[in-house]
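Heads up, my_file.cif below (mmCIF, C-alpha atoms):
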data_coords
#
loop_
_atom_site.group_PDB
_atom_site.id
_atom_site.type_symbol
_atom_site.label_atom_id
_atom_site.label_comp_id
_atom_site.auth_asym_id
_atom_site.auth_seq_id
_atom_site.Cartn_x
_atom_site.Cartn_y
_atom_site.Cartn_z
ATOM 1 C CA MET A 131 -13.128 91.459 -1.597
ATOM 2 C CA ASN A 132 -12.011 94.917 -2.396
ATOM 3 C CA ARG A 133 -9.745 96.748 0.028
ATOM 4 C CA THR A 134 -9.827 100.492 0.251
ATOM 5 C CA THR A 135 -6.458 102.109 0.859
ATOM 6 C CA ARG A 136 -6.737 105.369 2.784
ATOM 7 C CA ARG A 137 -4.236 108.032 1.762
ATOM 8 C CA PHE A 138 -3.198 111.080 3.753
ATOM 9 C CA THR A 139 -4.630 114.302 2.531
ATOM 10 C CA LEU A 140 -2.354 117.223 1.797
ATOM 11 C CA VAL A 141 -3.609 119.015 4.903
ATOM 12 C CA GLU A 142 -2.819 116.000 7.103
ATOM 13 C CA MET A 143 0.679 115.686 5.664
ATOM 14 C CA LEU A 144 1.371 119.378 6.204
ATOM 15 C CA THR A 145 0.102 119.066 9.776
ATOM 16 C CA VAL A 146 2.438 116.141 10.506
ATOM 17 C CA ILE A 147 5.389 118.002 8.959
ATOM 18 C CA ALA A 148 4.581 121.068 11.067
ATOM 19 C CA ILE A 149 4.429 118.999 14.262
ATOM 20 C CA ILE A 150 7.771 117.311 13.462
ATOM 21 C CA SER A 151 9.329 120.699 12.742
ATOM 22 C CA ILE A 152 8.119 122.082 16.070
ATOM 23 C CA LEU A 153 9.425 119.054 17.983
ATOM 24 C CA ALA A 154 12.779 119.268 16.182
ATOM 25 C CA GLY A 155 12.949 122.961 17.026
ATOM 26 C CA LEU A 156 12.511 122.101 20.686
ATOM 27 C CA VAL A 157 14.850 119.105 20.827
ATOM 28 C CA ILE A 158 17.800 120.264 18.693
ATOM 29 C CA PRO A 159 18.749 123.273 20.870
ATOM 30 C CA VAL A 160 18.642 121.042 23.962
ATOM 31 C CA VAL A 161 20.967 118.522 22.272
ATOM 32 C CA ILE A 162 23.356 121.293 21.171
ATOM 33 C CA ILE A 163 23.465 122.753 24.695
ATOM 34 C CA ALA A 164 24.110 119.301 26.165
ATOM 35 C CA GLN A 165 26.926 118.687 23.688
ATOM 36 C CA GLU A 166 28.496 122.068 24.488
ATOM 37 C CA ARG A 167 28.330 121.400 28.211
ATOM 38 C CA GLY A 168 29.969 118.051 27.582
ATOM 39 C CA ARG A 169 32.832 119.795 25.758
ATOM 40 C CA GLU A 170 33.216 122.287 28.594
ATOM 41 C CA THR A 171 33.366 119.429 31.105
ATOM 42 C CA GLN A 172 36.012 117.718 28.964
ATOM 43 C CA ALA A 173 38.043 120.932 28.797
ATOM 44 C CA LYS A 174 37.961 121.271 32.595
ATOM 45 C CA SER A 175 39.104 117.670 32.975
ATOM 46 C CA ASP A 176 41.935 118.199 30.482
ATOM 47 C CA ILE A 177 43.077 121.368 32.225
ATOM 48 C CA ALA A 178 43.152 119.629 35.611
ATOM 49 C CA SER A 179 45.201 116.785 34.070
ATOM 50 C CA LEU A 180 47.664 119.212 32.448
ATOM 51 C CA VAL A 181 48.214 121.119 35.694
ATOM 52 C CA SER A 182 48.646 117.866 37.619
ATOM 53 C CA ALA A 183 51.150 116.525 35.060
ATOM 54 C CA LEU A 184 53.245 119.699 35.156
ATOM 55 C CA LYS A 185 53.241 119.721 38.967
ATOM 56 C CA GLN A 186 54.440 116.110 38.986
ATOM 57 C CA LEU A 187 57.165 116.958 36.468
ATOM 58 C CA ASP A 188 58.255 119.862 38.675
ATOM 59 C CA ALA A 189 58.207 117.656 41.790
ATOM 60 C CA ASP A 190 60.349 114.985 40.097
ATOM 61 C CA TYR A 191 62.940 117.281 38.480
ATOM 62 C CA GLY A 192 62.635 120.577 40.335
ATOM 63 C CA LYS A 193 61.742 122.345 37.075
ATOM 64 C CA MET A 194 59.361 122.208 34.131
ATOM 65 C CA LEU A 195 61.564 123.811 31.478
ATOM 66 C CA LYS A 196 65.228 123.310 30.735
ATOM 67 C CA LYS A 197 67.695 126.171 30.710
ATOM 68 C CA THR A 198 70.808 125.882 28.536
ATOM 69 C CA ASN A 199 73.343 128.631 27.860
ATOM 70 C CA GLY A 200 71.082 131.164 29.521
ATOM 71 C CA LYS A 201 68.032 130.238 27.411
ATOM 72 C CA TYR A 202 64.950 128.252 28.320
ATOM 73 C CA CYS A 203 64.061 125.532 25.864
ATOM 74 C CA ILE A 204 61.570 122.781 25.156
ATOM 75 C CA GLY A 205 62.985 119.825 23.282
ATOM 76 C CA ASN A 206 65.706 121.225 21.031
ATOM 77 C CA LYS A 207 63.940 124.568 20.563
ATOM 78 C CA ASP A 208 64.950 127.731 22.419
ATOM 79 C CA LEU A 209 62.036 129.853 23.548
ATOM 80 C CA PRO A 210 62.210 133.159 21.643
ATOM 81 C CA GLY A 211 62.685 136.373 23.593
ATOM 82 C CA GLU A 212 59.075 137.433 23.156
ATOM 83 C CA ASN A 213 58.088 134.159 24.798
ATOM 84 C CA LEU A 214 59.552 135.234 28.148
ATOM 85 C CA ARG A 215 57.867 138.074 29.980
ATOM 86 C CA ASP A 216 58.748 140.164 33.009
ATOM 87 C CA ASN A 217 56.124 139.088 35.467
ATOM 88 C CA LYS A 218 55.771 141.578 38.268
ATOM 89 C CA LYS A 219 52.679 141.299 40.407
ATOM 90 C CA MET A 220 49.991 143.853 39.812
ATOM 91 C CA ASN A 221 50.488 145.223 43.345
ATOM 92 C CA GLY A 222 54.094 146.006 42.481
ATOM 93 C CA SER A 223 55.699 143.539 44.880
ATOM 94 C CA GLY A 224 57.337 141.511 42.124
ATOM 95 C CA THR A 225 61.014 141.845 41.281
ATOM 96 C CA ASP A 226 63.026 142.247 38.111
ATOM 97 C CA GLU A 227 63.956 138.581 38.487
ATOM 98 C CA ASP A 228 60.372 137.430 37.904
ATOM 99 C CA SER A 229 59.957 135.734 34.509
ATOM 100 C CA LEU A 230 57.075 133.896 32.886
ATOM 101 C CA ALA A 231 57.273 131.519 29.924
ATOM 102 C CA GLU A 232 54.402 131.400 27.456
ATOM 103 C CA VAL A 233 54.476 127.824 26.166
ATOM 104 C CA SER A 234 51.596 128.225 23.706
ATOM 105 C CA TYR A 235 53.602 130.559 21.504
ATOM 106 C CA LYS A 236 52.384 130.521 17.894
ATOM 107 C CA LYS A 237 55.018 130.470 15.166
ATOM 108 C CA ASN A 238 54.247 130.147 11.454
ATOM 109 C CA ASN A 239 50.707 129.093 12.350
ATOM 110 C CA GLU A 240 52.093 126.232 14.453
ATOM 111 C CA TYR A 241 52.716 125.626 18.153
ATOM 112 C CA PRO A 242 56.163 123.992 18.238
ATOM 113 C CA PHE A 243 56.874 124.568 21.956
ATOM 114 C CA TYR A 244 53.443 123.491 23.109
ATOM 115 C CA ASN A 245 53.569 120.367 20.934
ATOM 116 C CA ALA A 246 57.033 119.443 22.218
ATOM 117 C CA LEU A 247 55.989 119.889 25.857
ATOM 118 C CA ILE A 248 52.827 117.804 25.424
ATOM 119 C CA ALA A 249 54.851 115.081 23.685
ATOM 120 C CA GLU A 250 57.415 115.107 26.502
ATOM 121 C CA LEU A 251 54.619 114.627 29.032
ATOM 122 C CA SER A 252 52.588 112.043 27.097
ATOM 123 C CA ALA A 253 54.944 110.309 24.627
ATOM 124 C CA PRO A 254 58.518 110.833 25.915
ATOM 125 C CA LYS A 255 59.820 107.790 24.031
ATOM 126 C CA ASN A 256 58.647 109.107 20.663
ATOM 127 C CA ALA A 257 61.464 108.841 18.126
ATOM 128 C CA GLY A 258 60.908 112.384 16.851
ATOM 129 C CA LEU A 259 61.219 114.010 20.274
ATOM 130 C CA THR A 260 64.260 115.544 21.950
ATOM 131 C CA VAL A 261 63.522 115.276 25.669
ATOM 132 C CA SER A 262 64.469 118.363 27.664
ATOM 133 C CA VAL A 263 63.487 117.787 31.322
ATOM 134 C CA ASN A 264 61.844 114.353 31.454
ATOM 135 C CA SER A 265 65.093 112.382 31.133
ATOM 136 C CA ARG A 266 63.605 109.267 32.752
ATOM 137 C CA LYS A 267 60.889 109.363 30.082
ATOM 138 C CA LYS A 268 58.050 108.926 32.529
ATOM 139 C CA ILE A 269 54.511 109.249 31.188
ATOM 140 C CA TYR A 270 52.716 112.064 33.022
ATOM 141 C CA LEU A 271 49.767 112.349 30.637
ATOM 142 C CA GLU A 272 47.929 109.609 28.823
ATOM 143 C CA PRO A 273 48.284 110.156 25.048
ATOM 144 C CA LYS A 274 45.042 111.170 23.415
ATOM 145 C CA LYS A 275 43.214 108.528 21.411
ATOM 146 C CA GLY A 276 44.404 108.758 17.812
ATOM 147 C CA PHE A 277 48.041 109.530 18.610
ATOM 148 C CA ASP A 278 50.371 107.216 16.658
ATOM 149 C CA PRO A 279 53.609 106.528 18.578
ATOM 150 C CA ALA A 280 55.168 105.034 15.429
ATOM 151 C CA LYS A 281 55.188 108.496 13.833
ATOM 152 C CA SER A 282 56.996 111.627 14.942
ATOM 153 C CA TYR A 283 55.002 113.697 17.408
ATOM 154 C CA SER A 284 55.325 116.653 15.002
ATOM 155 C CA ASP A 285 53.836 114.691 12.085
ATOM 156 C CA ASP A 286 50.665 116.304 10.736
ATOM 157 C CA ALA A 287 48.805 113.100 11.566
ATOM 158 C CA ASN A 288 49.756 113.414 15.250
ATOM 159 C CA THR A 289 49.519 117.117 16.042
ATOM 160 C CA PRO A 290 45.671 117.129 16.291
ATOM 161 C CA TYR A 291 46.023 114.618 19.144
ATOM 162 C CA LEU A 292 48.574 116.572 21.167
ATOM 163 C CA TRP A 293 46.021 117.589 23.765
ATOM 164 C CA ARG A 294 43.916 120.084 21.850
ATOM 165 C CA ASP A 295 40.797 121.337 23.575
ATOM 166 C CA PRO A 296 37.366 120.017 22.488
ATOM 167 C CA TRP A 297 37.161 122.843 19.929
ATOM 168 C CA GLY A 298 40.475 121.888 18.305
ATOM 169 C CA ASN A 299 42.727 124.586 19.797
ATOM 170 C CA PRO A 300 45.858 124.168 21.950
ATOM 171 C CA TYR A 301 45.467 124.909 25.623
ATOM 172 C CA ARG A 302 47.235 128.091 26.719
ATOM 173 C CA ILE A 303 50.017 127.287 29.180
ATOM 174 C CA TYR A 304 52.063 129.764 31.229
ATOM 175 C CA ILE A 305 54.902 128.594 33.495
ATOM 176 C CA LYS A 306 56.687 130.724 36.080
ATOM 177 C CA VAL A 307 60.380 130.045 35.476
ATOM 178 C CA LYS A 308 61.926 132.573 37.827
ATOM 179 C CA GLY A 309 60.775 134.284 41.008
ATOM 180 C CA ASP A 310 58.066 133.318 43.479
ATOM 181 C CA ASP A 311 55.121 131.028 42.837
ATOM 182 C CA PHE A 312 52.864 133.814 41.640
ATOM 183 C CA ILE A 313 51.706 134.621 38.108
ATOM 184 C CA ALA A 314 50.521 138.011 36.919
ATOM 185 C CA LEU A 315 48.665 136.865 33.824
ATOM 186 C CA PRO A 316 49.859 138.940 30.838
ATOM 187 C CA ASP A 317 47.548 141.593 29.365
ATOM 188 C CA THR A 318 45.084 141.281 32.253
ATOM 189 C CA GLU A 319 44.736 142.369 35.841
ATOM 190 C CA LYS A 320 44.646 138.770 37.030
ATOM 191 C CA ASN A 321 47.047 137.484 39.721
ATOM 192 C CA ILE A 322 47.301 133.732 40.238
ATOM 193 C CA ALA A 323 48.939 132.109 43.261
ATOM 194 C CA SER A 324 50.604 129.330 41.285
ATOM 195 C CA LYS A 325 53.599 128.493 39.108
ATOM 196 C CA ILE A 326 51.259 127.161 36.408
ATOM 197 C CA ALA A 327 48.345 128.741 34.544
ATOM 198 C CA VAL A 328 46.378 126.779 31.945
ATOM 199 C CA TYR A 329 43.251 127.746 30.081
ATOM 200 C CA SER A 330 41.176 126.921 27.018
ATOM 201 C CA CYS A 331 39.985 129.610 24.617
ATOM 202 C CA GLY A 332 36.526 128.076 24.920
ATOM 203 C CA PRO A 333 33.801 127.564 22.307
ATOM 204 C CA ASN A 334 34.462 130.793 20.395
ATOM 205 C CA GLY A 335 38.187 130.006 20.023
ATOM 206 C CA THR A 336 39.142 133.592 20.892
ATOM 207 C CA ASP A 337 41.961 134.108 23.383
ATOM 208 C CA ASP A 338 40.343 136.174 26.127
ATOM 209 C CA LYS A 339 43.402 135.733 28.384
ATOM 210 C CA GLY A 340 41.553 133.285 30.601
ATOM 211 C CA CYS A 341 38.575 135.572 31.159
ATOM 212 C CA SER A 342 35.182 133.961 31.684
ATOM 213 C CA ASN A 343 31.753 135.552 31.374
ATOM 214 C CA ALA A 344 31.006 134.123 34.821
ATOM 215 C CA LEU A 345 33.150 136.895 36.306
ATOM 216 C CA ASP A 346 31.623 140.131 37.531
ATOM 217 C CA SER A 347 34.362 142.107 35.827
ATOM 218 C CA CYS A 348 37.137 141.262 33.444
ATOM 219 C CA ILE A 349 39.886 143.437 32.030
ATOM 220 C CA VAL A 350 41.707 142.236 28.911
ATOM 221 C CA ASP A 351 44.222 144.416 27.074
ATOM 222 C CA GLY A 352 43.108 147.332 29.224
ATOM 223 C CA GLU A 353 39.450 147.043 28.184
ATOM 224 C CA SER A 354 36.711 146.034 30.608
ATOM 225 C CA ASN A 355 33.810 146.070 28.149
ATOM 226 C CA ASN A 356 32.331 143.053 26.374
ATOM 227 C CA HIS A 357 33.566 140.678 29.055
ATOM 228 C CA LYS A 358 30.181 138.921 28.850
ATOM 229 C CA MET A 359 31.348 137.606 25.475
ATOM 230 C CA HIS A 360 34.401 135.956 27.047
ATOM 231 C CA ASP A 361 34.138 132.182 27.418
ATOM 232 C CA ASP A 362 37.605 130.935 28.357
ATOM 233 C CA ILE A 363 37.878 128.006 30.779
ATOM 234 C CA ALA A 364 40.754 128.478 33.223
ATOM 235 C CA SER A 365 42.645 126.376 35.760
ATOM 236 C CA TRP A 366 42.266 129.004 38.500
ATOM 237 C CA ASP A 367 38.466 128.941 38.205
ATOM 238 C CA LEU A 368 38.047 125.155 38.504
#
What do you get writing this file as structure tokens?
Amino acid sequence: MNRTTRRFTLVEMLTVIAIISILAGLVIPVVIIAQERGRETQAKSDIASLVSALKQLDADYGKMLKKTNGKYCIGNKDLPGENLRDNKKMNGSGTDEDSLAEVSYKKNNEYPFYNALIAELSAPKNAGLTVSVNSRKKIYLEPKKGFDPAKSYSDDANTPYLWRDPWGNPYRIYIKVKGDDFIALPDTEKNIASKIAVYSCGPNGTDDKGCSNALDSCIVDGESNNHKMHDDIASWDL
């Protein structure tokens, strides 16, 4: 008995390919949007955890940064002068004694102060770390999956796991070290009623000084235009 094998015609194959392409075009954007929203949710969770950890550190020791010989430091590193800013409120009620420390200071394409602070919060017993404030070596943050406690926190294999945001960038951290519990965020017109300000640079990785496109207006570096392109995720907006 002969069996006849039916083969697809070229037209039928092209039709199937076209249908698959259309379906893929509909599904892929939805998947990408869902993944991006998942990253944003993760960033918000991380930011809340960082703020909570720093508040607990402050509650336990009465400070978040150590001051030695007139200089603030993290680990065995003194914060450079450009890292400390006069931080008067935008309404002018601040004093000359108001100072703000920018922990996420970039030096030689690295973030030595940020890395040291994250290690002190999450891996205080790490052999490569000089503890500054957390003398009891309490864990305030759970180390990120992938962090190897057997290696120095500053090892290249560990730095990607020192609480980077979902897009691979360090969170921006500002700490009020002197004055009242009020931050005038640098290079913006944003006042925050807190001693701690944390934000992610968001999906585009550009530091928009904590500005989000959800805001009606946003002034960064004196410019109010293009704020719709800003996508930072900030602690004060959670």
**Fill in**
Asp317 in chain A proximity check over A:Ile269, A:Ile303, A:Cys341, A:Val161, using only C-alpha atoms: winner is A:Cys341
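CA of Gly168 in chain A is positioned 24.5 Å from CA of Tyr244 in chain A.
Closest approach to Asn239 in chain A among A:Pro300, A:Pro254, A:Pro210, A:Gly205: A:Pro300, based on only C-alpha atoms.
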**Request:** On this file, the PyMOL selection byres ((chain A and resi 187) around 12) gives some set of residues; write that set as a count of residues only.
**Result:** 32
**Item:** Nearby residues (all atoms listed in the file) at most 6 Å from range 277-293 of chain A, same-chain spacing under 2 positions excluded, as a list in words
**Value:** Gly258, Lys274 and Lys275 of chain A
Could those residues be written to a file, using C-alpha atoms, as a PDB file, in the coordinates of the input?
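The file below, out.pdb, is the result:
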ATOM      1  CA  GLY A 258      60.908 112.384  16.851  1.00  0.00           C
ATOM      2  CA  LYS A 274      45.042 111.170  23.415  1.00  0.00           C
ATOM      3  CA  LYS A 275      43.214 108.528  21.411  1.00  0.00           C
TER       4      LYS A 275
END
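Summary of the local environment: counting only C-alpha atoms, residues at most 10 Å from Pro296 in chain A, other than itself and those fewer than 3 positions away along its chain, are Glu166, Gly168, Arg169, Glu170, Thr171, Gln172, Ala173, Asp176, Trp293, Asn299, Pro300, Tyr301, Ser330, Gly332 and Pro333 of chain A.
Take CA of Asn199 in chain A and CA of Ala253 in chain A: the distance between them is 26.2 Å.
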